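Peer 1: Structure in structure tokens, see below.
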Amino acid sequence: MLQINQVSITFGGLKALENVSFKVPDNSITALIGPNGAGKTTLFNIITGFLKNNTGQIEFENDDITNLPPYKIFEKGIARTFQNLNVIKELSLPENLLLGIIGKDKPSALKSMLRLNSSYWNSVTERINECMVLTGIQEWQNKKVNEMPYGILKNLEMARAILSYPKLLLLDEPAAGLNNNEKEILIELVTKLKNRGITIFMVEHDMNFVSTLADNVVCLNYGRVIAKGTYQEIRNNSEVIKAYLGDTDA
Amino acid sequence: MKKINYLFLFTILLILVLTKLLIKNEYYLSIVIFGLFNAINASCFNILLGYTGIISLGQGAFYGIGAYCAVITAASYGISPSIAILMASFFSGILAFVVGYPTLRLHGHYLAMATLGFGMIIYVFMNEMAFLTGGPSGFLDINKFTLLGMSIYGESEFYIFVASMFFVFVVMFELFDKSFLAYKLKFIKESEFASKSFGINIFRTKLLTFSLVAAITAFNGGVYAYYAGFISPVSFNFHYSIQLLTMAIVGGVGSVSGGIVGAAILTALPEFMTAIEDYEMVLYGLFLAVTIIFLPEGLSGLFKKIVGKNASN
């Protein structure tokens, strides 16, 4: 589904990514792991068009999406969540979810102003309600966003992305800051999404989370892919152990 | 879908009708008319700042472009004032598109500086191109305003016309506020990063909003020129843009009523404080500071809170 070919980017003299290549297979869960500063979020930002790579190519469903602007990449069917929450505190929870729908459906502003699409609004309300139930946030719909716990806000971001019916969902550290109970719920949700045919590509530090969910794991260190394979293959890889624990010979 | 606030629209209509019935003094009626022009401009400013996050200090210039273009076109080519106003509005929209194309890539202070620069250029142009604009002395040769063959002249007739125009604008603003478009703009204002990730073409949306708002402001400027019967660059300078900013913030950004409340207060206030006219800008600064610190949602936000609290009690 997603193919990264020889992608490199430098910031000044720093090589943030160097000839990174791997594939995210269709209808799978792929985890991107690596120590802090390995280049994981940088790669996410390149895939979603927020950064321009110096060399290399990114293909999505055999289409070259390299250096397309973010909104065009979204139109191809790639949605994402953020490492730092990007919710709008002024708006209610259902209103926040509208972002996923407006961006995808692009409803006519004039029809909306003249109230000529009330049946569409009703379908939007239904979709939002359904998605709130799926992500377990429906009880919070009447609360202010700034009164919500972190875990609910994470699910809000997830719900917003799901509402755009993505083919590929990029999750940037979805389990960060969640307690064990919230992680269990998240694992259930991500599994449900995979079963609905959504391909998941996530950056994650929590290895229990990764081992439970990921079909494939790619490990980055200092901007280079040092290992890829199943979780079992990765956990026994000496390069990965060295990257996380340091050189034991030292 | 958010419900249309019919009570608000009815209240506005009632105030407009009562004003016509109760105010017989032409001077006071003229202040109300100026207040309505300001309310439209401040609301337009509010759409830019409160909804989209665009801080434009060149709105006074678009108001002036509308005024000058309408009267110059009508005087030079003998066309009907209403057609001339529409042409001026269209021209201003196109000009805003051209100006916005490079400037709307900027954010925050940089965008404010760029639009301020544009406003200054237009102000100098109005002053220096005396053969066209009349220079600092202003433009006097303004015909009577006609609409569909009817001449509109005098405070009372103009009040009916401007009040109707204002009410149509408020209805459109209310419809906009309850539409997808308002949400789209608010998403852009609050998080460009998230909006881009969710398929919104930020630049195109900002550019179209900026152009449309400039066209409405210019239309308002055209009508203003025919009402005032005389225009000069001073009416459209940097001070006027700052006044609009103050009206929007004091009234409350991001709401339909904000610009209207701000315009009502800041149009009426100088009439009662003529003795300290020289300190007008200081007062505006003070209003801005007090509102930003103590009333971030402006006076309309405060009013809504009080009404909401009483309703819950």
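Residues are named by chain letter and number: chains run A, B, ... in the order of the structure tokens, numbers start at 1 in each chain, and ligands are numbered from 1 in the order shown.
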For the structure I just gave you, how does DSSP split stretch 45-212 of chain B - specifically, which residues are strand (DSSP E or B)? Reply as a list of chain:residue names.
Peer 2: B:Phe139, B:Phe145, B:Thr146, B:Leu147, B:Met150, B:Ser151, B:Ile152
Peer 1: Taking only C-alpha atoms into account, which residues of chain A are within 9 Å of chain B, as JSON, numbers by chain?
Peer 2: {"A": [48, 49, 50, 69, 70, 71, 72, 73, 74, 75, 78, 79, 80, 81, 82, 86, 87, 88, 89, 90, 95, 96, 98, 99, 100, 101, 102, 103, 104, 106, 107, 108, 109, 110, 111, 112, 113, 114, 115, 118, 121, 122, 125, 161, 164]}
Peer 1: Point out the residue among B:Leu7, B:Leu299, B:Ile55, B:Val223 with the least atom-to-atom distance to B:Leu86, counting only C-alpha atoms.
Peer 2: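 With only C-alpha atoms as the atom set, the closest residue is B:Val223.
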Peer 1: For A:Val145, find every residue with an atom within 7 Å (counting only C-alpha atoms), except residues of its own chain fewer than 3 positions away, and show them as a PDB file with all heavy atoms, in the first residue's frame.
Peer 2:
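Contents of part.pdb, freshly written:
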ATOM      1  N   LYS A  89     -10.007  23.722  21.425  1.00  0.00           N
ATOM      2  CA  LYS A  89     -10.646  23.820  22.742  1.00  0.00           C
ATOM      3  C   LYS A  89     -11.924  24.654  22.720  1.00  0.00           C
ATOM      4  O   LYS A  89     -12.795  24.465  23.545  1.00  0.00           O
ATOM      5  CB  LYS A  89      -9.649  24.390  23.757  1.00  0.00           C
ATOM      6  CG  LYS A  89      -8.581  23.360  24.089  1.00  0.00           C
ATOM      7  CD  LYS A  89      -7.589  23.853  25.087  1.00  0.00           C
ATOM      8  CE  LYS A  89      -6.550  22.771  25.337  1.00  0.00           C
ATOM      9  NZ  LYS A  89      -5.389  23.269  26.062  1.00  0.00           N
ATOM     10  N   SER A  92     -16.948  22.141  20.716  1.00  0.00           N
ATOM     11  CA  SER A  92     -17.368  20.951  21.459  1.00  0.00           C
ATOM     12  C   SER A  92     -16.756  19.709  20.814  1.00  0.00           C
ATOM     13  O   SER A  92     -16.168  19.789  19.729  1.00  0.00           O
ATOM     14  CB  SER A  92     -18.886  20.842  21.434  1.00  0.00           C
ATOM     15  OG  SER A  92     -19.307  20.556  20.120  1.00  0.00           O
ATOM     16  N   LEU A  93     -16.948  18.568  21.464  1.00  0.00           N
ATOM     17  CA  LEU A  93     -16.374  17.320  20.930  1.00  0.00           C
ATOM     18  C   LEU A  93     -16.952  16.994  19.536  1.00  0.00           C
ATOM     19  O   LEU A  93     -16.179  16.779  18.596  1.00  0.00           O
ATOM     20  CB  LEU A  93     -16.645  16.194  21.934  1.00  0.00           C
ATOM     21  CG  LEU A  93     -15.955  14.859  21.727  1.00  0.00           C
ATOM     22  CD1 LEU A  93     -15.798  14.146  23.054  1.00  0.00           C
ATOM     23  CD2 LEU A  93     -16.669  13.976  20.764  1.00  0.00           C
ATOM     24  N   MET A 148     -11.738  17.477  29.359  1.00  0.00           N
ATOM     25  CA  MET A 148     -11.603  16.045  29.054  1.00  0.00           C
ATOM     26  C   MET A 148     -10.223  15.500  29.410  1.00  0.00           C
ATOM     27  O   MET A 148      -9.224  16.196  29.218  1.00  0.00           O
ATOM     28  CB  MET A 148     -11.840  15.818  27.560  1.00  0.00           C
ATOM     29  CG  MET A 148     -13.260  16.092  27.145  1.00  0.00           C
ATOM     30  SD  MET A 148     -13.427  15.911  25.387  1.00  0.00           S
ATOM     31  CE  MET A 148     -15.042  16.618  25.178  1.00  0.00           C
TER      32      MET A 148
END
Peer 1: Would you list the contacts of A:Asn5 as a ChimeraX atom specification, taking every protein, DNA or RNA residue within 6 Å and counting only C-alpha atoms, but skipping same-chain residues closer than 3 positions in sequence?
Peer 2: /A:21,56-57
Peer 1: Would you kindly return, as a ChimeraX atom specification, each protein, DNA or RNA residue with an atom no farther than 12 Å from any atom of B:Ser92, considering only C-alpha atoms and excluding same-chain residues fewer than 5 positions away?
Peer 2: /B:58-70,85-87,97-100,122,210-222
Peer 1: State, in Å with one decimal place, the distance from atom CA of A:Leu134 to atom CA of A:Tyr150.
Peer 2: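 Those two atoms sit 17.7 Å apart.
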Peer 1: Quick one: of A:Thr41, A:Thr230, A:Asn216, A:Gln83, who's nearest to A:Gly177, counting only C-alpha atoms?
Peer 2: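 Among A:Thr41, A:Thr230, A:Asn216, A:Gln83, it is A:Gln83 that comes nearest to A:Gly177.
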Peer 1: I need the helix (DSSP H, G or I) residues of stretch 17-182 of chain B per DSSP on the backbone, written as a VMD selection string.
Peer 2: chain B and resid 17 to 22 26 to 52 59 to 77 81 to 103 108 to 128 130 to 133 135 to 137 155 to 177 180 to 182
Peer 1: Would you please work out which residue, of B:Met150, B:Leu95, B:Met120, B:Leu16, is nearest to B:Leu29 when using only C-alpha atoms?
Peer 2: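 With only C-alpha atoms as the atom set, the closest residue is B:Leu16.
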Peer 1: Skip B:Lys20 itself and residues of its chain fewer than 5 positions away, then list as JSON, numbers by chain all residues within 12 Å of it, counting only C-alpha atoms.
Peer 2: {"B": [13, 14, 15, 25, 26, 28, 29, 30, 32, 33, 155, 156, 157, 158, 159, 160, 161, 162, 163, 164]}
Peer 1: Rounded to one decimal, what separation in Å do you get between atom CA of A:Val20 and atom CA of A:Asn84?
Peer 2: 24.4 Å
Peer 1: Between atom CA of A:Asn45 and atom CA of A:Asp215, what is the distance, to one decimal in Å?
Peer 2: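 For atom CA of A:Asn45 relative to atom CA of A:Asp215, the distance reads 22.5 Å.
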Peer 1: For A:Ile152, work out the shell of residues within 12 Å, counting only C-alpha atoms and skipping chain neighbours fewer than 6 positions away, then give it as a PyMOL selection string.
Peer 2: chain A and resi 85+87+93+132+135-141+143-146+158-159+174-175+177-179+182-183+185-186
Peer 1: For each of A:Ile4, A:Val133, A:Ile29, A:Leu116, take the minimum atom-to-atom distance to A:Lys194, counting only C-alpha atoms, then give the residue where this is smallest.
Peer 2: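 Residue with the minimum atom-to-atom distance to A:Lys194: A:Ile29.
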Peer 1: Nearest to A:Glu204 among A:Ala176, A:Ile9, A:Leu220, A:Ala16, with distances taken over only C-alpha atoms: which residue is it?
Peer 2: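 Among the listed residues, A:Ala176 lies closest to A:Glu204.
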Peer 1: Rank B:Gly53, B:Gly138, B:Gly117, B:Gly262 by their smallest atom-to-atom distance to B:Gly229, using only C-alpha atoms, and report the top residue only.
Peer 2: B:Gly138
